[in-house]
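Colleague: This is the structure, below, for whatever I ask next.
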Amino acid sequence: FNRVLMKRSHEVMSGSNKSVTVTAPSNIAVIKYWGKRDEERILPINGSISVTLDENVMGTITSAASSQEWEGDALWLNDEPESLDTKRMRNCLTNLRPSGDNSALRIASRNNFPTAAGLASSASGYAALVYALGQLYDYKEPTPGYLTAIARQGSGSACRSLMGGFVEWKMGEKEDGSDSYAVQVAPAAHWPEMTAVVCVVSAKKKGVSSTSGMQTSVQTSELLSHRAKEVVPGRLEAMRKAILDKDFESFATLTMQDSNQFHSTCLDTWPPIFYMNDTSRHVVQAVHSLNKQAGRSVCAYTFDAGPNAVIFTLKNDLPAVMKAVLGTFPPATGTDMAQYVNDASALAASGASSPEQCAALGPVSGIPQAEGGSLHRLIVSAVGHGPSVLPESSSLLAQDGQPSKQ
């Protein structure tokens, strides 16, 4: 991570203009972050651990450029203009923009997966923003992890997206937040067999934002306070060990238990928050049935603040998991399978190549088959290596500082 960060920015515009384009991944927490002890600095009430996904599959591309020839700063998110004058944006810009810099700043950012649907789009978005600005301004970290602490002030979980592999966000204890940053538990190469299957139940924006939900939970849920103080510390230690030992049985159990407890705190919130839906619960039943049938944990589910499931498995078990998911949740008739499943080899391993063949696979034992089209798509991802700088041909900004037409 630090080696990549210290690379010089790609200066792809002529004269005094500079530009850099980067990509940053989403991450999926297996020990959840939910609740802040300091809203201003975005300091969590407990630590968390996540798995970084492949940024080419689930990530954000961000281009940042500066020039004295342009007038005014501007931001575009998924080709739509957005304000740079928000508290969280200012947190990032103030920390990274050189003092006295009077060049106009232009930023364009695009996600390759649904935004605000409970798939950590804010994590990859702010991680890409901070990483791009760090490259643009040739920023040098005063201490290891400092950049992740800046990203944390944009979106808490963004600090974890600045590293690849398996990442822990330290809760910290200091009031100024200087000890609340991300550290790598293990790189992606440590456990390359780990695979995530993202089951997109809904690409719609969730009804209750994570920020709003956390605030209400902290104010009203007694279970959340108990979880943070009494449960999470032990789970963090156990999850670190499971990852370092490559112990999938323990990893799976901890992941599912923590997801369930997180959603229990949402139900304990007043008024209660419902992020999961009937299809989400159907996925839970299917995973438990598949594991029972196998006599071991072949996969594990987790749900962030939304209805979409992420199923973790190992590569050797991926064919069985794909067969179970496609058979239990077949796509609607007429679905283009190349669009429905992003990984052709994973689809082929299931033995099905059409919606009809998926339905014919049948559901997991003891679980009813869902109506065709209950899932919108499946996204298969390896563990990712973290942010990287892209070639100038990938820039989302044109020479005039406006979004490119590509």
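Please note that chains go A, B, ... in the order of the structure tokens, that every chain numbers its residues from 1, and that ligands are numbered from 1 in the order shown.
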I'd like the neighbourhood of Gln215 in chain A as a compact mmCIF listing (two decimals) with all heavy atoms, in the first residue's frame, where a residue qualifies if any of its atoms comes within 10 Å (using only C-alpha atoms), though same-chain residues fewer than 5 positions away should be ignored.

Modeller:
```
# COMPACT_ATOMS: atom_id res chain seq x y z
N TRP A 34 -20.94 -0.43 13.14
CA TRP A 34 -22.28 0.18 13.20
C TRP A 34 -22.35 1.06 14.44
O TRP A 34 -22.39 0.57 15.56
CB TRP A 34 -23.38 -0.89 13.25
CG TRP A 34 -24.76 -0.34 13.01
CD1 TRP A 34 -25.77 -0.20 13.93
CD2 TRP A 34 -25.29 0.15 11.77
NE1 TRP A 34 -26.88 0.34 13.34
CE2 TRP A 34 -26.63 0.56 12.01
CE3 TRP A 34 -24.78 0.28 10.48
CZ2 TRP A 34 -27.44 1.09 11.01
CZ3 TRP A 34 -25.58 0.80 9.49
CH2 TRP A 34 -26.91 1.21 9.76
N GLY A 35 -22.31 2.34 14.22
CA GLY A 35 -22.41 3.29 15.32
C GLY A 35 -21.12 4.08 15.52
O GLY A 35 -20.02 3.53 15.46
N LYS A 36 -21.30 5.38 15.75
CA LYS A 36 -20.16 6.28 15.98
C LYS A 36 -20.19 6.83 17.39
O LYS A 36 -21.26 7.14 17.93
CB LYS A 36 -20.19 7.45 14.99
CG LYS A 36 -20.29 7.06 13.53
CD LYS A 36 -20.32 8.30 12.64
CE LYS A 36 -20.63 7.96 11.19
NZ LYS A 36 -22.06 7.64 11.00
N ARG A 37 -19.01 7.00 17.97
CA ARG A 37 -18.91 7.67 19.26
C ARG A 37 -18.65 9.16 19.06
O ARG A 37 -18.80 9.95 19.99
CB ARG A 37 -17.81 7.04 20.11
CG ARG A 37 -16.39 7.24 19.60
CD ARG A 37 -15.39 6.57 20.55
NE ARG A 37 -14.00 6.91 20.24
CZ ARG A 37 -13.26 6.30 19.35
NH1 ARG A 37 -13.77 5.27 18.66
NH2 ARG A 37 -12.00 6.66 19.13
N GLU A 39 -19.59 11.78 15.85
CA GLU A 39 -20.14 11.99 14.50
C GLU A 39 -19.26 12.91 13.66
O GLU A 39 -19.15 12.73 12.45
CB GLU A 39 -21.56 12.59 14.60
CG GLU A 39 -22.60 11.65 15.15
CD GLU A 39 -23.07 10.62 14.13
OE1 GLU A 39 -22.81 10.82 12.94
OE2 GLU A 39 -23.68 9.62 14.55
N SER A 210 -27.18 4.56 5.96
CA SER A 210 -26.35 4.04 7.05
C SER A 210 -26.11 5.10 8.12
O SER A 210 -26.18 4.81 9.32
CB SER A 210 -25.00 3.55 6.49
OG SER A 210 -25.19 2.46 5.62
N THR A 220 -30.88 4.57 20.68
CA THR A 220 -32.02 3.81 21.20
C THR A 220 -31.78 2.33 21.47
O THR A 220 -32.57 1.70 22.18
CB THR A 220 -33.22 3.90 20.23
OG1 THR A 220 -32.88 3.27 18.99
CG2 THR A 220 -33.59 5.36 19.97
N THR A 269 -33.41 -1.24 17.39
CA THR A 269 -33.47 0.22 17.27
C THR A 269 -34.93 0.67 17.29
O THR A 269 -35.83 -0.06 16.86
CB THR A 269 -32.80 0.65 15.95
OG1 THR A 269 -31.43 0.24 15.97
CG2 THR A 269 -32.89 2.14 15.72
```

Colleague: Any idea what the distance is between CA of Cys92 in chain A and CA of Gly134 in chain A?

Modeller: 10.0 Å

Colleague: For range 357-371 of chain A, list every protein, DNA or RNA residue within 9 Å, evaluated using only C-alpha atoms, and leave out those in the same chain fewer than 4 positions away; present the list as a list in words.

Modeller: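 Contacts, with the query itself left out: Thr279, His282, Gln285, Ala286, Val287, Ser289, Leu290, Gln293, Lys323, Ala324, Val325, Leu326, Gly327, Thr328, Phe329, Pro330, Pro331, Ala332, Ser350, Gly351, Ala352 and Ser353 of chain A.
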
Colleague: Could the residues in this selection be written to a file with C-alpha atoms, as a CSV table (one decimal), in the first residue's frame?

Modeller:
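Done, and the output landed in again04.csv:
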```csv
chain,number,residue,atom,x,y,z
A,279,THR,CA,-35.4,-12.7,-0.4
A,282,HIS,CA,-34.4,-16.9,1.8
A,285,GLN,CA,-32.1,-20.4,4.8
A,286,ALA,CA,-30.4,-21.7,1.6
A,287,VAL,CA,-26.9,-21.2,3.0
A,289,SER,CA,-29.4,-25.8,4.4
A,290,LEU,CA,-26.4,-26.2,2.0
A,293,GLN,CA,-26.3,-31.0,3.6
A,323,LYS,CA,-25.3,-24.5,-8.5
A,324,ALA,CA,-27.2,-23.9,-5.2
A,325,VAL,CA,-27.7,-20.2,-5.7
A,326,LEU,CA,-28.8,-20.5,-9.4
A,327,GLY,CA,-31.0,-23.5,-8.6
A,328,THR,CA,-32.7,-21.8,-5.7
A,329,PHE,CA,-32.9,-18.3,-7.2
A,330,PRO,CA,-33.2,-18.9,-11.0
A,331,PRO,CA,-33.1,-15.9,-13.3
A,332,ALA,CA,-36.2,-14.8,-15.1
A,350,SER,CA,-22.6,-24.6,-12.2
A,351,GLY,CA,-23.6,-26.7,-15.2
A,352,ALA,CA,-26.3,-24.3,-16.3
A,353,SER,CA,-26.2,-21.8,-19.2
```

Colleague: Determine the nearest neighbour of Tyr131 in chain A from the options A:Val232, A:Val20, A:Asp343, A:Met171, counting only C-alpha atoms.

Modeller: A:Val20
